[in-house]
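Next comes protein_35.cif, with mmCIF, C-alpha atoms.
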data_query
loop_
_atom_site.label_atom_id
_atom_site.label_comp_id
_atom_site.auth_asym_id
_atom_site.auth_seq_id
_atom_site.Cartn_x
_atom_site.Cartn_y
_atom_site.Cartn_z
CA MET A 1 99.44 70.69 49.67
CA ALA A 2 98.98 73.66 47.42
CA GLU A 3 100.38 71.60 44.58
CA GLU A 4 97.69 68.89 45.11
CA THR A 5 94.92 71.47 45.14
CA LYS A 6 96.10 72.79 41.80
CA LYS A 7 96.08 69.27 40.31
CA ASN A 8 92.42 68.64 41.24
CA LYS A 9 91.15 71.91 39.84
CA ILE A 10 90.00 72.15 36.25
CA LEU A 11 89.89 75.45 34.54
CA LEU A 12 86.98 76.01 32.17
CA THR A 13 86.00 78.84 29.99
CA ALA A 14 82.60 80.43 30.51
CA GLU A 15 81.36 78.78 27.29
CA GLU A 16 82.51 75.32 28.39
CA PHE A 17 80.91 75.78 31.80
CA GLN A 18 77.62 76.91 30.18
CA SER A 19 77.69 73.90 27.84
CA ILE A 20 78.11 71.48 30.77
CA GLU A 21 75.38 73.27 32.71
CA ASP A 22 72.99 73.01 29.69
CA LYS A 23 73.73 69.31 29.35
CA ALA A 24 73.07 68.78 33.07
CA GLY A 25 69.73 70.57 32.68
CA LYS A 26 68.82 68.36 29.69
CA SER A 27 69.83 65.30 31.71
CA ASP A 28 67.48 66.31 34.53
CA GLU A 29 64.69 66.94 31.99
CA TYR A 30 65.19 63.47 30.41
CA TYR A 31 65.24 61.83 33.84
CA ASP A 32 61.94 63.52 34.79
CA ARG A 33 60.43 62.44 31.48
CA LEU A 34 61.62 58.86 32.07
CA LEU A 35 60.03 58.82 35.53
CA ARG A 36 56.71 60.08 34.13
CA LEU A 37 56.76 57.50 31.33
CA GLN A 38 57.50 54.74 33.85
CA ALA A 39 54.57 55.88 36.01
CA ASP A 40 52.28 56.05 32.95
CA PHE A 41 53.34 52.56 31.93
CA ASP A 42 52.70 51.20 35.44
CA ASN A 43 49.24 52.80 35.43
CA TYR A 44 48.59 51.31 31.96
CA LYS A 45 49.53 47.82 33.19
CA LYS A 46 47.26 48.20 36.23
CA ARG A 47 44.37 49.39 34.03
CA LEU A 48 44.87 46.44 31.63
CA GLU A 49 44.90 43.99 34.53
CA LYS A 50 41.71 45.51 35.94
CA GLU A 51 40.01 45.34 32.51
CA LYS A 52 41.16 41.74 32.11
CA MET A 53 39.68 40.80 35.49
CA GLU A 54 36.41 42.53 34.58
CA PHE A 55 36.32 40.67 31.26
CA ILE A 56 36.92 37.32 32.94
CA LYS A 57 34.32 38.10 35.60
CA PHE A 58 31.59 38.86 33.06
CA ALA A 59 32.76 36.79 30.06
CA ASN A 60 29.97 34.24 30.49
CA GLU A 61 27.20 36.76 31.07
CA GLU A 62 25.47 36.06 27.73
CA ILE A 63 25.65 32.31 28.27
CA ILE A 64 24.22 32.65 31.77
CA ALA A 65 21.36 34.81 30.41
CA GLU A 66 20.49 32.06 27.90
CA ILE A 67 20.63 29.39 30.58
CA LEU A 68 18.30 31.48 32.74
CA LYS A 69 15.76 31.46 29.88
CA ILE A 70 15.92 27.66 29.86
CA LEU A 71 15.57 27.63 33.66
CA ASP A 72 12.43 29.77 33.27
CA ASP A 73 11.03 27.13 30.88
CA PHE A 74 11.75 24.39 33.44
CA GLU A 75 9.96 26.34 36.15
CA ARG A 76 6.93 26.84 33.89
CA ALA A 77 6.89 23.10 33.09
CA VAL A 78 7.03 22.21 36.79
CA GLU A 79 4.20 24.65 37.58
CA ALA A 80 2.10 23.25 34.73
CA GLY A 81 2.72 19.73 36.05
CA LYS A 82 1.57 20.77 39.52
CA ILE A 83 -1.64 22.31 38.20
CA LYS A 84 -2.70 19.77 35.57
CA HIS A 85 -1.07 16.58 36.86
CA ASP A 86 -0.76 15.45 33.23
CA PHE A 87 2.37 13.41 32.53
CA ASP A 88 2.09 13.84 28.74
CA ILE A 89 2.11 17.66 29.00
CA LEU A 90 5.03 17.55 31.42
CA TYR A 91 6.94 15.16 29.14
CA LYS A 92 6.34 17.33 26.06
CA GLY A 93 7.50 20.39 27.99
CA ILE A 94 10.69 18.66 29.08
CA GLU A 95 11.31 17.48 25.50
CA MET A 96 10.97 21.07 24.26
CA ILE A 97 13.34 22.34 26.94
CA HIS A 98 15.86 19.60 26.08
CA LYS A 99 15.65 20.55 22.41
CA ASP A 100 16.18 24.25 23.25
CA LEU A 101 19.12 23.45 25.52
CA MET A 102 20.79 21.22 22.93
CA GLY A 103 20.27 23.89 20.24
CA PHE A 104 21.81 26.52 22.50
CA LEU A 105 24.82 24.32 23.29
CA LYS A 106 25.32 23.56 19.60
CA GLU A 107 25.33 27.30 18.83
CA GLU A 108 28.01 27.75 21.49
CA GLY A 109 30.25 25.09 19.86
CA ILE A 110 29.31 22.02 21.92
CA LYS A 111 28.82 18.74 20.08
CA GLU A 112 28.01 15.26 21.30
CA ILE A 113 30.65 12.62 20.66
CA GLU A 114 29.17 9.77 18.66
CA ALA A 115 30.20 6.55 20.31
CA LYS A 116 27.82 3.59 19.88
CA GLY A 117 28.73 1.37 16.95
CA ARG A 118 32.05 3.12 16.37
CA PRO A 119 35.60 1.92 16.97
CA PHE A 120 36.90 2.66 20.46
CA ASN A 121 38.97 5.87 20.47
CA PRO A 122 40.83 6.57 23.72
CA HIS A 123 40.89 10.30 22.91
CA GLU A 124 37.08 10.46 22.85
CA HIS A 125 35.97 7.43 24.86
CA GLU A 126 36.62 6.15 28.35
CA ALA A 127 36.18 2.39 28.58
CA MET A 128 34.23 1.56 31.73
CA MET A 129 33.50 -2.07 30.87
CA GLN A 130 34.27 -4.76 28.34
CA GLU A 131 31.87 -7.42 27.20
CA GLU A 132 32.78 -10.62 25.45
CA THR A 133 30.60 -10.93 22.38
CA ASP A 134 30.60 -12.16 18.82
CA ALA A 135 27.68 -9.88 17.88
CA HIS A 136 30.00 -6.85 17.53
CA PRO A 137 33.51 -6.39 16.15
CA GLU A 138 36.30 -6.31 18.73
CA ASN A 139 37.16 -2.89 20.20
CA TYR A 140 33.89 -1.31 19.04
CA VAL A 141 31.63 0.60 21.39
CA ILE A 142 28.53 -1.47 22.09
CA GLU A 143 26.92 0.78 24.71
CA GLU A 144 27.22 4.40 25.75
CA LEU A 145 26.95 4.75 29.53
CA GLN A 146 27.38 8.54 29.56
CA LYS A 147 27.54 10.94 26.64
CA GLY A 148 30.75 12.77 25.89
CA TYR A 149 31.09 16.26 24.43
CA THR A 150 33.52 18.43 22.50
CA PHE A 151 33.77 22.19 22.75
CA ASN A 152 34.99 23.81 19.53
CA GLY A 153 36.68 20.54 18.58
CA ARG A 154 38.32 19.86 21.96
CA VAL A 155 37.08 16.98 24.12
CA ILE A 156 35.73 18.43 27.36
CA ARG A 157 34.19 15.18 28.56
CA PRO A 158 34.88 11.76 27.03
CA SER A 159 32.02 9.31 26.47
CA LYS A 160 31.89 6.54 29.07
CA VAL A 161 31.41 3.34 27.13
CA LYS A 162 31.20 -0.45 27.12
CA VAL A 163 33.56 -2.00 24.56
CA ALA A 164 33.23 -5.30 22.71
CA LYS A 165 35.85 -7.93 23.41
CA LYS A 166 36.48 -11.07 21.36
CA LEU A 167 34.83 -14.18 22.78
CA GLN A 168 37.29 -16.39 24.60
CA GLY A 169 36.61 -20.11 24.27
CA ASP A 170 36.36 -22.35 27.32
CA LYS A 171 39.68 -22.13 29.05
CA GLU A 172 41.29 -25.47 29.71
CA THR A 173 43.03 -25.99 32.99
#
What would the structure in this file look like if it were written as structure tokens?
Amino acid sequence: MAEETKKNKILLTAEEFQSIEDKAGKSDEYYDRLLRLQADFDNYKKRLEKEKMEFIKFANEEIIAEILKILDDFERAVEAGKIKHDFDILYKGIEMIHKDLMGFLKEEGIKEIEAKGRPFNPHEHEAMMQEETDAHPENYVIEELQKGYTFNGRVIRPSKVKVAKKLQGDKET
């Protein structure tokens, strides 16, 4: 047994022992630093996520404020209509509000899709009906049932349209 005990023991000089002890101390220091950096990084990720959620929550604040101005105009038009009972004044007020709303939407990157009189485009138009006619070229939009819009070049709502179809002669049976 004494022989085995001698085999497992390592003899070191005082300098070698001090060197290993210094390296162990450095190792502990690096490990502590790593733990602090990991905690800082986790806190950074949490802060970024919180800021992202705040941004998403209030991203449309300016747009909502502009829409509220238009809502105020509608309320004034309704009140004026109640007091004066004048259709022409009410109509002019609604026209002005419509113009303001369309101007605001245009500034925000919204454009109407032009449909009537244009070739049918499945990326911009949704065919709701077809009408046999010789008054319009085949596969052209002859009526717009609902306007479509793009937002910064991307279709957000296609136009719902009626499309011209070539006249079919009397079918023989």
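Shortest separation to Ala127 of chain A among A:Asp42, A:Asp86, A:Glu143, A:Glu54 occurs at residue A:Glu143, atoms counted being only C-alpha atoms.
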Mind checking which residues fall within 6 Å of Thr150 of chain A, counting only C-alpha atoms, ignoring those fewer than 2 positions away in the same chain, and posting them as an mmCIF file with C-alpha atoms, in the frame of the given file?
data_model
loop_
_atom_site.group_PDB
_atom_site.id
_atom_site.type_symbol
_atom_site.label_atom_id
_atom_site.label_comp_id
_atom_site.auth_asym_id
_atom_site.auth_seq_id
_atom_site.Cartn_x
_atom_site.Cartn_y
_atom_site.Cartn_z
ATOM 1 C CA ILE A 110 29.310 22.020 21.920
ATOM 2 C CA LYS A 111 28.820 18.740 20.080
ATOM 3 C CA GLY A 153 36.680 20.540 18.580
ATOM 4 C CA ARG A 154 38.320 19.860 21.960
ATOM 5 C CA VAL A 155 37.080 16.980 24.120
ATOM 6 C CA ILE A 156 35.730 18.430 27.360
#
Pro122 of chain A proximity check over A:Lys50, A:Lys160, A:Lys57, A:Lys165, using only C-alpha atoms: winner is A:Lys160
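Minimum atom-to-atom distance to Leu105 of chain A, evaluated using all atoms listed in the file, belongs to A:Phe151 out of A:Phe87, A:Asp28, A:Leu11, A:Phe151.
The two atoms in question, atom CA of Leu101 of chain A and atom CA of Leu68 of chain A, are spaced 10.8 Å apart.
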Using only C-alpha atoms, find the one residue out of A:Gln146, A:Gln18, A:Thr133, A:Asn8 that sits nearest to Ile113 of chain A. A:Gln146
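Evaluating the PyMOL selection byres ((chain A and resi 66) around 12) against the shown model yields A:Asn60, A:Glu61, A:Glu62, A:Ile63, A:Ile64, A:Ala65, A:Ile67, A:Leu68, A:Lys69, A:Ile70, A:Leu71, A:Asp72, A:Asp73, A:Asp100, A:Leu101, A:Met102, A:Gly103, A:Phe104, A:Leu105, A:Glu107, A:Glu108.
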On this structure, which residues satisfy the PyMOL selection byres ((chain A and resi 128) around 8), written as a PyMOL selection string? chain A and resi 126-127+129-130+160-162
Which distance in Å separates atom CA of Leu145 of chain A and atom CA of Ser159 of chain A, to one decimal? 7.5 Å
I'd like to see the residues matched by the PyMOL selection byres ((chain A and resi 90) around 12) on this file, and ideally I'd get them as a VMD selection string. chain A and resid 73 to 89 91 to 97
Determine the axis-aligned bounding box of all atoms of segment 38-57 of chain A present in the file, pad each side by 4 Å, and express its centre and edge lengths in Å to one decimal place as AutoDock Vina command-line options.
--center_x 45.9 --center_y 46.7 --center_z 33.7 --size_x 31.2 --size_y 26.7 --size_z 13.0
